[in-house]
>>> print(open('query07.tsv').read())   # TSV, C-alpha atoms and all ligand atoms
chain	number	residue	atom	x	y	z
G	6	MET	CA	-18.88	136.44	82.79
G	7	THR	CA	-15.78	135.45	80.83
G	8	THR	CA	-15.24	134.81	77.13
G	9	ILE	CA	-13.81	131.59	75.75
G	10	MET	CA	-12.51	131.23	72.21
G	11	LEU	CA	-12.67	127.61	71.02
G	12	THR	CA	-10.53	126.75	68.00
G	13	PHE	CA	-11.06	123.29	66.55
G	14	ALA	CA	-8.45	121.22	64.69
G	15	ASP	CA	-9.92	122.21	61.33
G	16	GLY	CA	-9.42	125.91	62.16
G	17	ASP	CA	-13.08	126.53	62.89
G	18	SER	CA	-13.36	129.04	65.76
G	19	VAL	CA	-16.26	130.02	67.94
G	20	ARG	CA	-16.54	132.38	70.89
G	21	ILE	CA	-18.73	131.51	73.87
G	22	ALA	CA	-19.52	133.17	77.19
G	23	SER	CA	-19.01	131.39	80.50
G	24	ARG	CA	-20.81	132.19	83.74
G	25	SER	CA	-19.12	132.24	87.11
G	26	GLY	CA	-18.80	128.70	88.50
G	27	GLU	CA	-19.80	127.10	85.20
G	28	ASN	CA	-17.46	124.52	83.71
G	29	ILE	CA	-16.34	124.98	80.11
G	30	LEU	CA	-18.22	121.92	78.84
G	31	ALA	CA	-21.46	123.29	80.30
G	32	ALA	CA	-20.81	126.74	78.90
G	33	ALA	CA	-20.26	125.31	75.42
G	34	ARG	CA	-23.38	123.19	75.70
G	35	ARG	CA	-25.44	126.21	76.76
G	36	ALA	CA	-24.12	128.03	73.69
G	37	GLY	CA	-25.22	125.14	71.47
G	38	ILE	CA	-21.66	123.96	70.77
G	39	PRO	CA	-21.40	120.24	71.49
G	40	LEU	CA	-17.93	119.22	72.69
G	41	SER	CA	-16.77	115.63	73.00
G	42	SER	CA	-17.41	114.29	76.49
G	43	ASP	CA	-18.12	111.08	78.30
G	44	CYS	CA	-17.59	110.63	82.07
G	45	GLU	CA	-17.88	114.36	82.89
G	46	VAL	CA	-16.00	113.86	86.16
G	47	GLY	CA	-12.41	114.33	85.00
G	48	ASP	CA	-11.56	110.68	84.42
G	49	CYS	CA	-11.78	109.77	80.76
G	50	GLN	CA	-10.08	112.72	79.04
G	51	THR	CA	-12.59	112.55	76.20
G	52	CYS	CA	-13.11	116.28	76.60
G	53	ARG	CA	-9.40	117.05	76.68
G	54	ALA	CA	-8.31	120.42	75.26
G	55	THR	CA	-5.34	122.78	75.45
G	56	CYS	CA	-5.43	126.20	77.03
G	57	VAL	CA	-3.22	128.48	74.95
G	58	ALA	CA	-4.12	131.77	76.68
G	59	GLY	CA	-5.79	132.75	79.93
G	60	LYS	CA	-6.19	131.22	83.37
G	61	VAL	CA	-8.31	128.26	84.44
G	62	GLU	CA	-9.43	126.86	87.76
G	63	TYR	CA	-10.61	123.39	88.66
G	64	ASP	CA	-13.72	122.15	90.36
G	65	GLU	CA	-12.35	121.37	93.82
G	66	LEU	CA	-14.49	118.26	94.23
G	67	SER	CA	-13.26	116.61	91.07
G	68	SER	CA	-10.23	114.45	90.46
G	69	ILE	CA	-8.23	115.12	87.34
G	70	SER	CA	-6.59	112.32	85.42
G	71	LEU	CA	-3.99	114.54	83.76
G	72	SER	CA	-0.37	114.36	84.84
G	73	ARG	CA	1.40	117.35	86.36
G	74	GLU	CA	3.43	117.72	83.14
G	75	GLU	CA	0.27	117.79	81.06
G	76	VAL	CA	-1.35	120.41	83.30
G	77	GLU	CA	1.81	122.49	83.18
G	78	GLY	CA	1.75	122.12	79.40
G	79	GLY	CA	-1.71	123.71	79.27
G	80	GLU	CA	-3.81	120.57	78.97
G	81	ILE	CA	-7.26	120.85	80.57
G	82	LEU	CA	-10.40	118.79	81.02
G	83	PRO	CA	-13.31	121.13	80.21
G	84	CYS	CA	-15.85	119.02	82.13
G	85	VAL	CA	-14.20	119.96	85.45
G	86	THR	CA	-12.47	123.19	84.50
G	87	MET	CA	-13.73	126.76	84.74
G	88	ALA	CA	-12.49	129.96	83.20
G	89	ALA	CA	-10.73	132.23	85.69
G	90	SER	CA	-10.17	134.81	82.93
G	91	ASP	CA	-10.91	135.10	79.24
G	92	LEU	CA	-9.54	131.97	77.55
G	93	GLU	CA	-8.32	130.66	74.24
G	94	LEU	CA	-8.64	126.90	73.91
G	95	ARG	CA	-7.38	124.54	71.21
G	96	ILE	CA	-9.78	121.64	70.67
G	97	PRO	CA	-7.92	118.62	69.25
G	98	TYR	CA	-10.59	117.37	66.85
G	99	GLU	CA	-12.52	118.68	63.90
G	100	ARG	CA	-15.86	120.13	64.91
G	101	THR	CA	-17.60	118.57	61.93
G	102	LYS	CA	-16.26	115.09	62.69
G	103	LEU	CA	-18.15	114.51	65.93
G	104	VAL	CA	-20.55	111.62	65.40
G	105	PRO	CA	-23.73	111.80	67.51
G	106	VAL	CA	-23.86	109.29	70.36
G	107	LYS	CA	-26.78	106.87	70.17
G	108	GLN	CA	-28.26	103.92	72.03
G	109	PHE	CA	-28.19	100.61	70.17
G	110	SER	CA	-28.32	96.85	70.62
G	111	VAL	CA	-26.02	94.17	69.24
G	112	LYS	CA	-26.40	90.42	69.00
G	113	VAL	CA	-23.31	88.35	69.78
G	114	GLU	CA	-22.23	86.26	66.80
G	115	GLU	CA	-18.93	84.80	67.97
G	116	ILE	CA	-16.67	84.70	71.02
G	117	LYS	CA	-13.19	83.56	70.12
G	118	ARG	CA	-10.18	83.09	72.40
G	119	LEU	CA	-7.18	84.90	70.87
G	120	SER	CA	-4.63	84.31	73.64
G	121	GLY	CA	-4.43	83.34	77.29
G	122	SER	CA	-5.83	86.72	78.25
G	123	VAL	CA	-7.78	88.08	75.29
G	124	VAL	CA	-10.99	87.14	73.53
G	125	ALA	CA	-12.50	88.64	70.41
G	126	VAL	CA	-16.22	89.33	70.45
G	127	THR	CA	-17.99	89.76	67.14
G	128	ALA	CA	-21.48	91.20	67.29
G	129	ARG	CA	-24.04	92.43	64.80
G	130	MET	CA	-26.07	95.60	65.16
G	131	LEU	CA	-29.79	94.95	65.54
G	132	GLY	CA	-31.86	97.01	63.14
G	133	LEU	CA	-30.99	98.01	59.64
G	134	ALA	CA	-28.45	100.75	60.18
G	135	PRO	CA	-24.73	100.24	60.81
G	136	LEU	CA	-23.13	102.17	63.66
G	137	ARG	CA	-21.52	105.36	62.40
G	138	PHE	CA	-18.11	105.85	64.01
G	139	LEU	CA	-14.58	106.97	63.27
G	140	PRO	CA	-11.76	104.40	63.20
G	141	GLY	CA	-10.30	104.41	66.72
G	142	GLN	CA	-13.48	105.30	68.63
G	143	TYR	CA	-15.14	103.15	71.28
G	144	VAL	CA	-18.56	102.31	72.65
G	145	HIS	CA	-20.01	101.36	76.02
G	146	LEU	CA	-21.55	97.90	76.31
G	147	GLN	CA	-23.76	96.73	79.16
G	148	VAL	CA	-22.78	93.42	80.71
G	149	PRO	CA	-25.89	91.24	80.30
G	150	GLY	CA	-27.78	90.55	83.53
G	151	THR	CA	-26.05	93.40	85.36
G	152	ALA	CA	-26.24	97.17	85.62
G	153	GLU	CA	-22.54	97.40	84.72
G	154	TRP	CA	-21.23	99.04	81.57
G	155	ARG	CA	-17.78	98.59	80.08
G	156	SER	CA	-16.08	100.33	77.21
G	157	TYR	CA	-14.44	98.80	74.17
G	158	SER	CA	-12.84	100.17	71.04
G	159	MET	CA	-14.01	98.76	67.74
G	160	ALA	CA	-11.36	96.74	65.89
G	161	ASN	CA	-13.28	96.69	62.64
G	162	ALA	CA	-13.29	99.53	60.17
G	163	PRO	CA	-16.41	101.68	59.97
G	164	GLY	CA	-18.94	100.67	57.39
G	165	GLU	CA	-18.31	96.93	57.54
G	166	ASP	CA	-21.96	95.97	57.21
G	167	ARG	CA	-23.45	96.02	60.73
G	168	ILE	CA	-20.65	94.03	62.36
G	169	LEU	CA	-18.68	95.29	65.36
G	170	GLU	CA	-15.56	93.53	66.65
G	171	PHE	CA	-14.02	94.03	70.09
G	172	TYR	CA	-10.97	92.64	71.89
G	173	VAL	CA	-11.58	92.01	75.57
G	174	ARG	CA	-8.82	91.46	78.07
G	175	LEU	CA	-9.82	88.80	80.59
G	176	LEU	CA	-9.24	89.54	84.25
G	177	ASP	CA	-10.21	87.40	87.25
G	178	ASP	CA	-12.42	90.05	88.80
G	179	GLY	CA	-13.83	91.61	85.63
G	180	VAL	CA	-17.60	91.45	85.28
G	181	MET	CA	-17.42	91.38	81.48
G	182	SER	CA	-14.68	88.78	81.75
G	183	ARG	CA	-16.87	86.58	83.94
G	184	TYR	CA	-19.80	87.00	81.57
G	185	LEU	CA	-17.69	86.08	78.56
G	186	THR	CA	-16.03	83.06	80.12
G	187	GLU	CA	-19.00	81.69	82.08
G	188	ARG	CA	-22.29	82.62	80.44
G	189	ALA	CA	-21.92	84.25	77.08
G	190	ALA	CA	-23.30	82.55	73.99
G	191	PRO	CA	-23.98	83.52	70.38
G	192	GLY	CA	-27.41	85.12	70.18
G	193	ASP	CA	-27.03	87.11	73.41
G	194	VAL	CA	-28.16	90.71	73.03
G	195	LEU	CA	-26.15	93.55	74.58
G	196	SER	CA	-27.17	97.17	74.95
G	197	GLY	CA	-24.68	99.72	73.69
G	198	ARG	CA	-24.07	103.44	73.68
G	199	GLY	CA	-21.70	105.33	71.43
G	200	PRO	CA	-19.57	106.05	69.56
G	201	GLN	CA	-17.32	107.89	71.98
G	202	GLY	CA	-13.87	109.36	72.00
G	203	ILE	CA	-11.56	111.67	70.15
G	204	PHE	CA	-8.93	109.03	69.47
G	205	TYR	CA	-9.55	108.61	65.76
G	206	LEU	CA	-7.47	108.57	62.62
G	207	ARG	CA	-6.85	112.11	61.39
G	208	SER	CA	-6.53	112.64	57.68
G	209	GLY	CA	-3.22	113.84	56.30
G	210	VAL	CA	-0.09	112.71	54.56
G	211	ARG	CA	2.38	112.48	57.41
G	212	PRO	CA	3.73	109.05	58.35
G	213	LEU	CA	2.01	107.30	61.24
G	214	LEU	CA	3.73	105.98	64.34
G	215	MET	CA	1.39	103.74	66.32
G	216	VAL	CA	2.29	102.33	69.73
G	217	ALA	CA	-0.13	99.86	71.30
G	218	GLY	CA	-0.11	97.76	74.44
G	219	GLY	CA	-2.33	94.66	74.75
G	220	THR	CA	-5.92	95.24	73.69
G	221	GLY	CA	-4.92	98.83	73.00
G	222	VAL	CA	-4.16	97.52	69.55
G	223	ALA	CA	-7.90	97.38	68.74
G	224	PRO	CA	-8.29	101.02	67.64
G	225	MET	CA	-5.07	100.74	65.62
G	226	VAL	CA	-6.49	97.70	63.84
G	227	SER	CA	-9.62	99.68	63.01
G	228	MET	CA	-7.46	102.50	61.62
G	229	LEU	CA	-5.31	100.14	59.56
G	230	ARG	CA	-8.35	98.35	58.16
G	231	GLN	CA	-9.80	101.70	57.21
G	232	MET	CA	-6.55	102.67	55.49
G	233	ILE	CA	-6.44	99.40	53.57
G	234	ALA	CA	-10.09	99.76	52.55
G	235	SER	CA	-9.58	103.32	51.32
G	236	GLY	CA	-6.20	102.70	49.68
G	237	GLU	CA	-4.44	105.27	51.82
G	238	HIS	CA	-0.70	105.48	51.18
G	239	ARG	CA	0.85	106.75	54.39
G	240	PRO	CA	3.89	104.97	55.79
G	241	VAL	CA	3.03	103.24	59.07
G	242	THR	CA	5.19	102.02	61.92
G	243	LEU	CA	3.16	99.85	64.29
G	244	CYS	CA	4.76	98.94	67.62
G	245	PHE	CA	2.70	96.35	69.47
G	246	GLY	CA	3.58	94.99	72.90
G	247	VAL	CA	2.25	92.46	75.40
G	248	THR	CA	3.46	91.37	78.83
G	249	GLU	CA	3.85	87.60	78.51
G	250	ALA	CA	4.34	85.37	75.49
G	251	SER	CA	1.01	83.74	76.36
G	252	ASP	CA	-0.69	87.16	75.96
G	253	LEU	CA	0.40	87.54	72.36
G	254	PHE	CA	-2.42	87.64	69.84
G	255	LEU	CA	-3.21	88.84	66.34
G	256	VAL	CA	0.31	88.34	64.98
G	257	GLU	CA	-0.86	86.70	61.75
G	258	GLU	CA	-3.56	89.32	61.18
G	259	LEU	CA	-1.19	92.21	61.84
G	260	THR	CA	1.39	90.69	59.55
G	261	ALA	CA	-1.21	90.32	56.81
G	262	MET	CA	-2.34	93.92	57.31
G	263	ALA	CA	1.25	95.13	57.16
G	264	CYS	CA	1.64	93.31	53.82
G	265	SER	CA	-1.55	94.92	52.52
G	266	LEU	CA	-0.28	98.42	53.16
G	267	PRO	CA	2.21	100.04	50.79
G	268	GLU	CA	4.69	100.72	53.59
G	269	CYS	CA	4.22	99.24	57.05
G	270	ASP	CA	6.89	98.39	59.59
G	271	LEU	CA	5.46	96.00	62.19
G	272	ARG	CA	7.41	95.65	65.45
G	273	ILE	CA	6.36	93.37	68.29
G	274	ALA	CA	7.61	93.33	71.88
G	275	ILE	CA	7.07	90.87	74.72
G	276	ALA	CA	8.00	92.39	78.06
G	277	ARG	CA	8.72	89.18	79.94
G	278	ALA	CA	10.34	86.92	77.42
G	279	SER	CA	13.67	85.57	76.38
G	280	PRO	CA	14.93	86.91	73.10
G	281	ARG	CA	13.40	85.08	70.13
G	282	ALA	CA	13.39	85.64	66.43
G	283	GLY	CA	10.96	88.25	65.20
G	284	PHE	CA	10.13	89.70	68.61
G	285	HIS	CA	11.77	92.22	70.89
G	286	ALA	CA	12.22	91.01	74.47
G	287	GLY	CA	11.33	94.11	76.43
G	288	PHE	CA	8.86	96.98	76.54
G	289	VAL	CA	6.97	98.19	73.53
G	290	THR	CA	8.32	101.68	74.12
G	291	ASP	CA	11.82	100.30	73.38
G	292	LEU	CA	10.61	100.01	69.78
G	293	ILE	CA	9.96	103.71	69.30
G	294	ALA	CA	12.41	105.09	66.78
G	295	ASP	CA	13.55	108.63	67.41
G	296	GLU	CA	14.00	109.45	63.73
G	297	LYS	CA	10.31	108.66	63.10
G	298	ALA	CA	8.81	110.48	66.07
G	299	ALA	CA	9.46	114.07	65.06
G	300	ASN	CA	7.92	113.75	61.60
G	301	SER	CA	4.97	111.48	62.29
G	302	ASP	CA	1.42	111.67	63.53
G	303	ILE	CA	1.60	109.56	66.67
G	304	TYR	CA	-1.13	107.33	68.10
G	305	LEU	CA	-0.64	105.80	71.55
G	306	CYS	CA	-3.06	103.33	73.13
G	307	GLY	CA	-2.64	101.02	76.09
G	308	PRO	CA	-2.11	101.10	79.85
G	309	PRO	CA	-1.43	104.58	81.30
G	310	ALA	CA	2.16	103.74	82.21
G	311	MET	CA	2.81	102.81	78.59
G	312	THR	CA	1.09	105.79	77.00
G	313	ASP	CA	2.69	108.21	79.47
G	314	ARG	CA	6.13	106.75	78.84
G	315	ALA	CA	5.62	106.76	75.08
G	316	ARG	CA	4.36	110.35	75.13
G	317	ALA	CA	7.39	111.46	77.12
G	318	MET	CA	9.73	109.65	74.71
G	319	VAL	CA	8.26	110.99	71.49
G	320	THR	CA	8.17	114.49	72.98
G	321	GLU	CA	11.84	114.14	73.82
G	322	PHE	CA	12.45	113.00	70.24
G	323	GLY	CA	10.89	116.20	68.93
G	324	ALA	CA	7.20	115.41	68.40
G	325	VAL	CA	4.87	118.34	69.06
G	326	ALA	CA	1.83	117.93	71.30
G	327	SER	CA	-0.64	118.58	68.46
G	328	SER	CA	0.66	115.53	66.57
G	329	ILE	CA	0.27	113.13	69.50
G	330	PHE	CA	-3.05	111.36	70.07
G	331	SER	CA	-3.43	109.00	72.97
G	332	GLU	CA	-5.94	106.82	74.71
G	333	ARG	CA	-5.30	105.07	77.97
G	334	PHE	CA	-6.90	101.70	78.70
G	335	VAL	CA	-7.65	101.28	82.38
G	336	PRO	CA	-9.23	98.17	83.86
G	337	SER	CA	-12.02	99.85	85.74
G	338	ALA	CA	-15.47	99.46	87.16
G	339	VAL	CA	-16.35	102.96	86.08
G	340	SER	CA	-18.76	102.99	83.22
G	341	GLY	CA	-17.98	105.19	80.35
G	342	LEU	CA	-14.44	105.97	80.80
G	343	GLN	CA	-12.52	104.86	77.89
G	344	ALA	CA	-11.66	107.77	75.77
G	345	SER	CA	-8.48	108.15	77.41
G	346	THR	CA	-9.44	105.19	79.38
G	347	SER	CA	-10.89	102.15	77.78
G	348	ALA	CA	-11.76	99.58	80.38
G	349	ASN	CA	-11.32	96.25	78.72
G	350	VAL	CA	-12.18	93.86	81.50
N	401	LIG	S1	-15.65	114.01	79.86
N	401	LIG	FE1	-14.12	115.26	80.74
N	401	LIG	S2	-12.73	113.84	81.57
N	401	LIG	FE2	-14.38	112.59	80.89
>>> encode(input="query07.tsv", output="structure tokens", more="lines below")
Ligand code: FES
Amino acid sequence: MTTIMLTFADGDSVRIASRSGENILAAARRAGIPLSSDCEVGDCQTCRATCVAGKVEYDELSSISLSREEVEGGEILPCVTMAASDLELRIPYERTKLVPVKQFSVKVEEIKRLSGSVVAVTARMLGLAPLRFLPGQYVHLQVPGTAEWRSYSMANAPGEDRILEFYVRLLDDGVMSRYLTERAAPGDVLSGRGPQGIFYLRSGVRPLLMVAGGTGVAPMVSMLRQMIASGEHRPVTLCFGVTEASDLFLVEELTAMACSLPECDLRIAIARASPRAGFHAGFVTDLIADEKAANSDIYLCGPPAMTDRARAMVTEFGAVASSIFSERFVPSAVSGLQASTSANV
């Protein structure tokens, strides 16, 4: 039996006991301490935590989606990690903020093409209650007529009636993509499960540096809408990048949001483009300003290569790990893996 001290982002600490061979997530659950989790196989990073003291060991049968640098930095995935000694873990979210996951149904209201590769889906919750979630979180949606589930971040702010808005990247072999382009119609009902994820807007007064690739902008949009709705006055730098000019979407909406905030610097990059006014021709990570990184809360969302590169850059510029929040979007057939991995296909 080992002892694990869990310290949440709000300073709340709790000590639990772990049995031999028991992963940390299971030990916490047995102690009546719910931790954020989703895939429970080491993929999604929704359970991500930092080991600040002690030794851990991994379930040999599991794969771990953390990079070598992250593991060396003490990052762990409690769903596939066991205590090899007494441990002290830092949990990167407030214990009281976790919103219970629930099953729900939504009715599609609109499917709108935003670019060559992205559609927006607007759906309304069935029943009287809105979905409770934090700006930046995601849900799982079942593709109608299939047993497949995919995960999408909400782009709307919480509390907007019972409406949910998602951006879906279209891929040739994506089951949700095929449904949306071939069969979907207003009135369709989709089953959902959520909210999920620990990528949500933390309160505070520090400036925000947001870096988003493709549909990874959705959680940022939710956060910005929430800030506008609540009159929050934090300076924001939003760096948004796409691959091709034909992928670009939401420029007018982002520009309008930037104008609605007291201080918002909107930067847009197109990776494969000739230089043109108003846009950077290159990667979105080129837009990260070193003088902003060290003093900001940093939110990264997009393909793993982008978030990994951005994390490395802001760390080099002086940002500390506890001020960096990231979510990786991976086109995937795995259901429920978006917290660090939102599959938008
Ligand atoms: S719940 Fe631990 S990695 Fe997904």
>>> atom_distance(input="query07.tsv", atom1="CA of Ala250 (chain G)", atom2="CA of Ala294 (chain G)")
23.0 Å
>>> residues_near_ligand(input="query07.tsv", ligand="ligand LIG 401 (chain N)", cutoff="9 Å", atoms="only C-alpha atoms and all ligand atoms", output="MDAnalysis selection string")
chainID G and resid 30 41:53 69:70 81:86 341:345
>>> atom_distance(input="query07.tsv", atom1="CA of Tyr63 (chain G)", atom2="CA of Thr7 (chain G)")
15.3 Å
>>> residues_around(input="query07.tsv", residues="Leu292 (chain G)", least_positions_apart="3", cutoff="7 Å", atoms="all atoms listed in the file", output="PDB file with C-alpha atoms, keeping the file's coordinate frame")
ATOM      1  CA  CYS G 244       4.760  98.940  67.620  1.00  0.00           C
ATOM      2  CA  ARG G 272       7.410  95.650  65.450  1.00  0.00           C
ATOM      3  CA  VAL G 289       6.970  98.190  73.530  1.00  0.00           C
TER       4      VAL G 289
END
>>> closest_residue(input="query07.tsv", among="G:Gly141, G:Gly218, G:Gly246, G:Gly236", to="Phe204 (chain G)", atoms="all atoms listed in the file")
G:Gly141
>>> closest_residue(input="query07.tsv", among="G:Lys60, G:Arg333, G:Arg198, G:Arg35", to="Gln108 (chain G)", atoms="only C-alpha atoms")
G:Arg198
